[in-house]
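Chemist: Got a structure for you, final-v2.pdb, holding PDB, C-alpha atoms.
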```pdb
ATOM      1  CA  MET A   1      23.581  47.128  24.676  1.00  0.00           C
ATOM      2  CA  ALA A   2      21.911  45.501  21.692  1.00  0.00           C
ATOM      3  CA  TYR A   3      19.933  42.276  21.634  1.00  0.00           C
ATOM      4  CA  TRP A   4      19.775  40.264  18.424  1.00  0.00           C
ATOM      5  CA  PHE A   5      16.894  37.880  17.777  1.00  0.00           C
ATOM      6  CA  LYS A   6      15.832  35.824  14.822  1.00  0.00           C
ATOM      7  CA  TYR A   7      12.879  37.110  12.815  1.00  0.00           C
ATOM      8  CA  GLY A   8       9.673  36.689  14.818  1.00  0.00           C
ATOM      9  CA  GLN A   9      11.410  36.284  18.180  1.00  0.00           C
ATOM     10  CA  SER A  10      11.600  38.965  20.830  1.00  0.00           C
ATOM     11  CA  ASP A  11      11.537  39.435  24.535  1.00  0.00           C
ATOM     12  CA  GLY A  12       9.205  41.773  26.420  1.00  0.00           C
ATOM     13  CA  TYR A  13      12.055  43.995  27.625  1.00  0.00           C
ATOM     14  CA  SER A  14      13.331  45.111  24.209  1.00  0.00           C
ATOM     15  CA  LYS A  15       9.802  45.979  23.039  1.00  0.00           C
ATOM     16  CA  HIS A  16       9.246  48.310  26.019  1.00  0.00           C
ATOM     17  CA  PHE A  17      12.781  49.681  25.658  1.00  0.00           C
ATOM     18  CA  VAL A  18      12.075  50.785  22.065  1.00  0.00           C
ATOM     19  CA  GLU A  19       8.667  52.293  22.967  1.00  0.00           C
ATOM     20  CA  ALA A  20      10.182  54.325  25.804  1.00  0.00           C
ATOM     21  CA  HIS A  21      12.674  55.986  23.459  1.00  0.00           C
ATOM     22  CA  VAL A  22      10.081  56.752  20.771  1.00  0.00           C
ATOM     23  CA  VAL A  23       7.769  58.615  23.180  1.00  0.00           C
ATOM     24  CA  LYS A  24      10.468  61.102  24.271  1.00  0.00           C
ATOM     25  CA  LYS A  25       9.869  64.595  22.816  1.00  0.00           C
ATOM     26  CA  ARG A  26      12.071  67.684  22.589  1.00  0.00           C
ATOM     27  CA  THR A  27      11.420  70.215  25.290  1.00  0.00           C
ATOM     28  CA  PHE A  28      12.229  73.873  24.784  1.00  0.00           C
ATOM     29  CA  ARG A  29      13.597  76.088  27.505  1.00  0.00           C
ATOM     30  CA  LYS A  30      10.950  78.523  28.709  1.00  0.00           C
ATOM     31  CA  PHE A  31      12.121  82.143  28.948  1.00  0.00           C
ATOM     32  CA  THR A  32      12.449  83.675  32.390  1.00  0.00           C
ATOM     33  CA  TYR A  33      13.781  87.095  33.367  1.00  0.00           C
ATOM     34  CA  ARG A  34      15.499  86.696  36.738  1.00  0.00           C
ATOM     35  CA  GLY A  35      13.267  83.740  37.607  1.00  0.00           C
ATOM     36  CA  VAL A  36       9.964  85.285  36.431  1.00  0.00           C
ATOM     37  CA  ASP A  37       8.342  84.093  33.195  1.00  0.00           C
ATOM     38  CA  LEU A  38       7.085  86.464  30.484  1.00  0.00           C
ATOM     39  CA  ASP A  39       3.357  86.145  31.276  1.00  0.00           C
ATOM     40  CA  GLN A  40       3.954  87.216  34.871  1.00  0.00           C
ATOM     41  CA  LEU A  41       6.229  90.068  33.724  1.00  0.00           C
ATOM     42  CA  LEU A  42       3.440  91.453  31.527  1.00  0.00           C
ATOM     43  CA  ASP A  43       1.002  91.380  34.477  1.00  0.00           C
ATOM     44  CA  MET A  44       3.417  93.119  36.892  1.00  0.00           C
ATOM     45  CA  SER A  45       3.192  96.768  37.832  1.00  0.00           C
ATOM     46  CA  MET A  46       6.153  99.002  37.001  1.00  0.00           C
ATOM     47  CA  ASP A  47       7.298  99.072  40.661  1.00  0.00           C
ATOM     48  CA  GLN A  48       7.415  95.265  40.849  1.00  0.00           C
ATOM     49  CA  LEU A  49       9.268  95.107  37.532  1.00  0.00           C
ATOM     50  CA  LEU A  50      11.832  97.667  38.698  1.00  0.00           C
ATOM     51  CA  GLU A  51      12.688  95.483  41.708  1.00  0.00           C
ATOM     52  CA  LEU A  52      13.875  92.805  39.264  1.00  0.00           C
ATOM     53  CA  MET A  53      15.963  95.186  37.145  1.00  0.00           C
ATOM     54  CA  GLY A  54      19.478  96.437  37.851  1.00  0.00           C
ATOM     55  CA  SER A  55      20.234  99.694  39.643  1.00  0.00           C
ATOM     56  CA  HIS A  56      20.951 101.653  36.436  1.00  0.00           C
ATOM     57  CA  ASN A  57      17.523 100.862  34.975  1.00  0.00           C
ATOM     58  CA  ARG A  58      15.775 101.398  38.331  1.00  0.00           C
ATOM     59  CA  ARG A  59      17.286 104.874  38.568  1.00  0.00           C
ATOM     60  CA  ARG A  60      16.303 105.748  34.990  1.00  0.00           C
ATOM     61  CA  PHE A  61      12.662 104.737  35.494  1.00  0.00           C
ATOM     62  CA  ARG A  62      12.375 106.338  38.945  1.00  0.00           C
ATOM     63  CA  ARG A  63      13.539 109.648  37.443  1.00  0.00           C
ATOM     64  CA  GLY A  64      10.675 109.275  34.961  1.00  0.00           C
ATOM     65  CA  LEU A  65      10.372 108.590  31.253  1.00  0.00           C
ATOM     66  CA  LYS A  66      10.674 111.605  28.975  1.00  0.00           C
ATOM     67  CA  ARG A  67       7.999 112.600  26.463  1.00  0.00           C
ATOM     68  CA  LYS A  68       9.848 111.016  23.520  1.00  0.00           C
ATOM     69  CA  HIS A  69      10.143 107.666  25.300  1.00  0.00           C
ATOM     70  CA  MET A  70       6.423 107.699  26.153  1.00  0.00           C
ATOM     71  CA  ALA A  71       5.605 108.581  22.522  1.00  0.00           C
ATOM     72  CA  LEU A  72       7.644 105.572  21.336  1.00  0.00           C
ATOM     73  CA  LEU A  73       5.718 103.233  23.660  1.00  0.00           C
ATOM     74  CA  LYS A  74       2.438 104.745  22.421  1.00  0.00           C
ATOM     75  CA  LYS A  75       3.447 104.168  18.762  1.00  0.00           C
ATOM     76  CA  LEU A  76       4.475 100.574  19.528  1.00  0.00           C
ATOM     77  CA  ARG A  77       1.101  99.907  21.199  1.00  0.00           C
ATOM     78  CA  ALA A  78      -0.726 101.361  18.167  1.00  0.00           C
ATOM     79  CA  ALA A  79       1.359  99.281  15.722  1.00  0.00           C
ATOM     80  CA  LYS A  80       0.586  96.087  17.668  1.00  0.00           C
ATOM     81  CA  LYS A  81      -3.110  96.985  17.865  1.00  0.00           C
ATOM     82  CA  ASN A  82      -3.397  97.656  14.105  1.00  0.00           C
ATOM     83  CA  ALA A  83      -1.634  94.419  13.099  1.00  0.00           C
ATOM     84  CA  SER A  84      -3.750  91.320  12.545  1.00  0.00           C
ATOM     85  CA  GLU A  85      -3.143  88.235  14.693  1.00  0.00           C
ATOM     86  CA  LEU A  86      -0.895  86.385  12.242  1.00  0.00           C
ATOM     87  CA  GLU A  87       1.013  89.439  10.959  1.00  0.00           C
ATOM     88  CA  LYS A  88       3.989  91.145  12.498  1.00  0.00           C
ATOM     89  CA  PRO A  89       3.387  94.765  13.546  1.00  0.00           C
ATOM     90  CA  ALA A  90       4.620  97.651  11.405  1.00  0.00           C
ATOM     91  CA  VAL A  91       8.154  98.970  11.916  1.00  0.00           C
ATOM     92  CA  VAL A  92       8.343 101.981  14.237  1.00  0.00           C
ATOM     93  CA  LYS A  93      11.433 104.119  13.544  1.00  0.00           C
ATOM     94  CA  THR A  94      13.253 105.838  16.386  1.00  0.00           C
ATOM     95  CA  HIS A  95      16.449 107.674  17.289  1.00  0.00           C
ATOM     96  CA  LEU A  96      16.063 106.700  20.970  1.00  0.00           C
ATOM     97  CA  ARG A  97      19.021 104.331  21.319  1.00  0.00           C
ATOM     98  CA  ASN A  98      18.955 104.676  25.117  1.00  0.00           C
ATOM     99  CA  MET A  99      15.366 103.408  25.541  1.00  0.00           C
ATOM    100  CA  VAL A 100      15.294 100.462  27.959  1.00  0.00           C
ATOM    101  CA  ILE A 101      13.372  97.463  26.617  1.00  0.00           C
ATOM    102  CA  VAL A 102      10.386  96.592  28.826  1.00  0.00           C
ATOM    103  CA  PRO A 103       8.130  93.492  28.602  1.00  0.00           C
ATOM    104  CA  GLU A 104       5.382  95.525  26.902  1.00  0.00           C
ATOM    105  CA  MET A 105       7.662  96.009  23.869  1.00  0.00           C
ATOM    106  CA  VAL A 106       8.212  92.262  23.253  1.00  0.00           C
ATOM    107  CA  GLY A 107       7.009  91.240  19.787  1.00  0.00           C
ATOM    108  CA  SER A 108       7.313  94.756  18.337  1.00  0.00           C
ATOM    109  CA  ILE A 109       9.600  95.691  15.458  1.00  0.00           C
ATOM    110  CA  VAL A 110      11.670  98.839  15.927  1.00  0.00           C
ATOM    111  CA  GLY A 111      13.881 100.644  13.415  1.00  0.00           C
ATOM    112  CA  VAL A 112      16.813 101.893  15.522  1.00  0.00           C
ATOM    113  CA  TYR A 113      18.915 104.685  13.976  1.00  0.00           C
ATOM    114  CA  ASN A 114      22.665 104.087  14.049  1.00  0.00           C
ATOM    115  CA  GLY A 115      23.733 107.461  12.632  1.00  0.00           C
ATOM    116  CA  LYS A 116      23.378 106.375   9.013  1.00  0.00           C
ATOM    117  CA  VAL A 117      20.458 103.952   8.567  1.00  0.00           C
ATOM    118  CA  PHE A 118      17.577 102.506  10.591  1.00  0.00           C
ATOM    119  CA  ASN A 119      18.418  98.919  11.579  1.00  0.00           C
ATOM    120  CA  THR A 120      15.303  96.781  12.018  1.00  0.00           C
ATOM    121  CA  VAL A 121      15.238  95.036  15.390  1.00  0.00           C
ATOM    122  CA  GLU A 122      12.564  92.515  16.379  1.00  0.00           C
ATOM    123  CA  ILE A 123      12.221  92.664  20.142  1.00  0.00           C
ATOM    124  CA  LYS A 124      12.480  89.254  21.840  1.00  0.00           C
ATOM    125  CA  PRO A 125      12.005  88.383  25.524  1.00  0.00           C
ATOM    126  CA  GLU A 126      15.773  87.895  25.984  1.00  0.00           C
ATOM    127  CA  MET A 127      16.279  91.622  25.275  1.00  0.00           C
ATOM    128  CA  ILE A 128      14.350  92.849  28.341  1.00  0.00           C
ATOM    129  CA  GLY A 129      16.441  95.221  30.457  1.00  0.00           C
ATOM    130  CA  HIS A 130      18.863  96.092  27.625  1.00  0.00           C
ATOM    131  CA  SER A 131      18.813  99.326  25.630  1.00  0.00           C
ATOM    132  CA  LEU A 132      17.800  99.545  21.960  1.00  0.00           C
ATOM    133  CA  GLY A 133      21.228 100.849  20.933  1.00  0.00           C
ATOM    134  CA  GLU A 134      22.873  97.550  21.918  1.00  0.00           C
ATOM    135  CA  PHE A 135      21.154  95.841  18.987  1.00  0.00           C
ATOM    136  CA  SER A 136      22.020  98.449  16.338  1.00  0.00           C
ATOM    137  CA  LEU A 137      25.777  98.926  16.053  1.00  0.00           C
ATOM    138  CA  CYS A 138      26.848 102.463  15.186  1.00  0.00           C
ATOM    139  CA  TYR A 139      30.331 101.404  14.082  1.00  0.00           C
ATOM    140  CA  LYS A 140      31.776  98.834  11.733  1.00  0.00           C
ATOM    141  CA  PRO A 141      33.781  96.210  13.648  1.00  0.00           C
ATOM    142  CA  VAL A 142      37.489  96.269  12.772  1.00  0.00           C
ATOM    143  CA  LYS A 143      38.847  93.565  10.488  1.00  0.00           C
ATOM    144  CA  HIS A 144      42.608  93.686  10.979  1.00  0.00           C
ATOM    145  CA  GLY A 145      44.629  93.197   7.819  1.00  0.00           C
ATOM    146  CA  ARG A 146      48.356  93.217   7.183  1.00  0.00           C
ATOM    147  CA  PRO A 147      50.372  96.013   8.797  1.00  0.00           C
ATOM    148  CA  GLY A 148      51.240  98.943   6.563  1.00  0.00           C
ATOM    149  CA  ILE A 149      54.445 100.892   6.201  1.00  0.00           C
ATOM    150  CA  GLY A 150      55.511 102.508   9.452  1.00  0.00           C
ATOM    151  CA  ALA A 151      53.126 100.439  11.593  1.00  0.00           C
ATOM    152  CA  THR A 152      56.056  98.963  13.548  1.00  0.00           C
ATOM    153  CA  HIS A 153      59.852  99.118  13.437  1.00  0.00           C
ATOM    154  CA  SER A 154      59.996  95.626  11.950  1.00  0.00           C
ATOM    155  CA  SER A 155      57.646  96.613   9.122  1.00  0.00           C
ATOM    156  CA  ARG A 156      60.576  98.340   7.417  1.00  0.00           C
ATOM    157  CA  PHE A 157      61.697  94.915   6.271  1.00  0.00           C
ATOM    158  CA  ILE A 158      58.298  93.823   4.874  1.00  0.00           C
ATOM    159  CA  PRO A 159      58.666  93.827   1.079  1.00  0.00           C
ATOM    160  CA  LEU A 160      56.232  96.000  -0.881  1.00  0.00           C
ATOM    161  CA  LYS A 161      53.894  94.220  -3.270  1.00  0.00           C
TER     162      LYS A 161
END
```
What would you get if you wrote out this structure as structure tokens?
Modeler:
Amino acid sequence: MAYWFKYGQSDGYSKHFVEAHVVKKRTFRKFTYRGVDLDQLLDMSMDQLLELMGSHNRRRFRRGLKRKHMALLKKLRAAKKNASELEKPAVVKTHLRNMVIVPEMVGSIVGVYNGKVFNTVEIKPEMIGHSLGEFSLCYKPVKHGRPGIGATHSSRFIPLK
């Protein structure tokens, strides 16, 4: 609903109406993992964190992390420690596609091997609970083209180029 006034005229309502819409700011959604925000996740013990995770991840962590997985976490800690405040940490390369992403890894940059190259993955809070391999595809997605000869019975009648 618009009010039109001559130059210099106004009513008190329209002035407050305009001010109310100018003050409004954009709010960003704060990240939570199953209702717990990132700061609290970082402060949690491993047992408390496992209660939030799914059964597959709980079982993997209860059976214990292997030496290679612990070495990866150690390298990620060292890379974060050596980076200055404004810089991103150095890329840590790994073949461990089955490593579950934990809150401690957030902000790190990992080179995940896909069988051919190391794909650089920056770990974000939304990735917690997923494995590293999910973010480095080891196959090229299929782009279906035209059917070739012998693909179907009707393809006999498709003229050759």
Chemist: Tell me which of A:Ile109, A:Arg26, A:Leu137, A:Glu104 sits closest to Asp39 of chain A, counting all atoms listed in the file.
Modeler: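 Looking at the shortest contact to Asp39 of chain A, the residue is A:Glu104.
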Chemist: Record the distance separating atom CA of Lys68 of chain A and atom CA of Phe135 of chain A, expressed in Å with one decimal.
Modeler: 19.5 Å
Chemist: Enumerate, as a VMD selection string, the residues matched when the PyMOL selection byres ((chain A and resi 97) around 7) is run on the file above.
Modeler: chain A and resid 95 to 96 98 to 99 112 131 to 133
Chemist: Write out as a PyMOL selection string each polymer residue whose atoms come within 10 Å of Lys88 of chain A, counting only C-alpha atoms; drop sequence neighbours fewer than 6 positions from it.
Modeler: chain A and resi 79-80+82+107-109+122
Chemist: Ranking A:Asn114, A:Met46, A:Asn119, A:Leu76 by minimum distance to Gly64 of chain A and counting all atoms listed in the file, which one comes first?
Modeler: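 Closest residue, counting all atoms listed in the file: A:Met46.
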Chemist: Return as a compact mmCIF listing (two decimals) with C-alpha atoms, in the frame of the given file the set of residues that the PyMOL selection byres ((chain A and resi 42) around 12) yields on the displayed structure.
Modeler:
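Result saved to expr-v2.txt:
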```txt
# COMPACT_ATOMS: atom_id res chain seq x y z
CA THR A 32 12.45 83.68 32.39
CA TYR A 33 13.78 87.10 33.37
CA VAL A 36 9.96 85.28 36.43
CA ASP A 37 8.34 84.09 33.20
CA LEU A 38 7.08 86.46 30.48
CA ASP A 39 3.36 86.14 31.28
CA GLN A 40 3.95 87.22 34.87
CA LEU A 41 6.23 90.07 33.72
CA ASP A 43 1.00 91.38 34.48
CA MET A 44 3.42 93.12 36.89
CA SER A 45 3.19 96.77 37.83
CA MET A 46 6.15 99.00 37.00
CA GLN A 48 7.42 95.26 40.85
CA LEU A 49 9.27 95.11 37.53
CA VAL A 102 10.39 96.59 28.83
CA PRO A 103 8.13 93.49 28.60
CA GLU A 104 5.38 95.52 26.90
CA MET A 105 7.66 96.01 23.87
CA VAL A 106 8.21 92.26 23.25
CA PRO A 125 12.00 88.38 25.52
CA ILE A 128 14.35 92.85 28.34
```
Chemist: So how far away is atom CA of Gly115 of chain A from atom CA of Arg146 of chain A, in Å?
Modeler: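 Taking atom CA of Arg146 of chain A as the start and atom CA of Gly115 of chain A as the end point, the length is 29.0 Å.
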Chemist: Compare A:Val100, A:Ala151, A:Ile123, A:Cys138 by their minimum atom-to-atom distance to Gly54 of chain A, counting only C-alpha atoms, and give me the closest one.
Modeler: A:Val100
Chemist: Which distance in Å separates atom CA of Pro89 of chain A and atom CA of Gly111 of chain A, to one decimal?
Modeler: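 Rounded to one decimal, the two atoms are 12.0 Å apart.
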Chemist: Nearest to Ser136 of chain A among A:Lys66, A:Lys74, A:Tyr113, A:Ser55, with distances taken over only C-alpha atoms: which residue is it?
Modeler: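 Going through A:Lys66, A:Lys74, A:Tyr113, A:Ser55 one by one, the smallest distance to Ser136 of chain A is for A:Tyr113.
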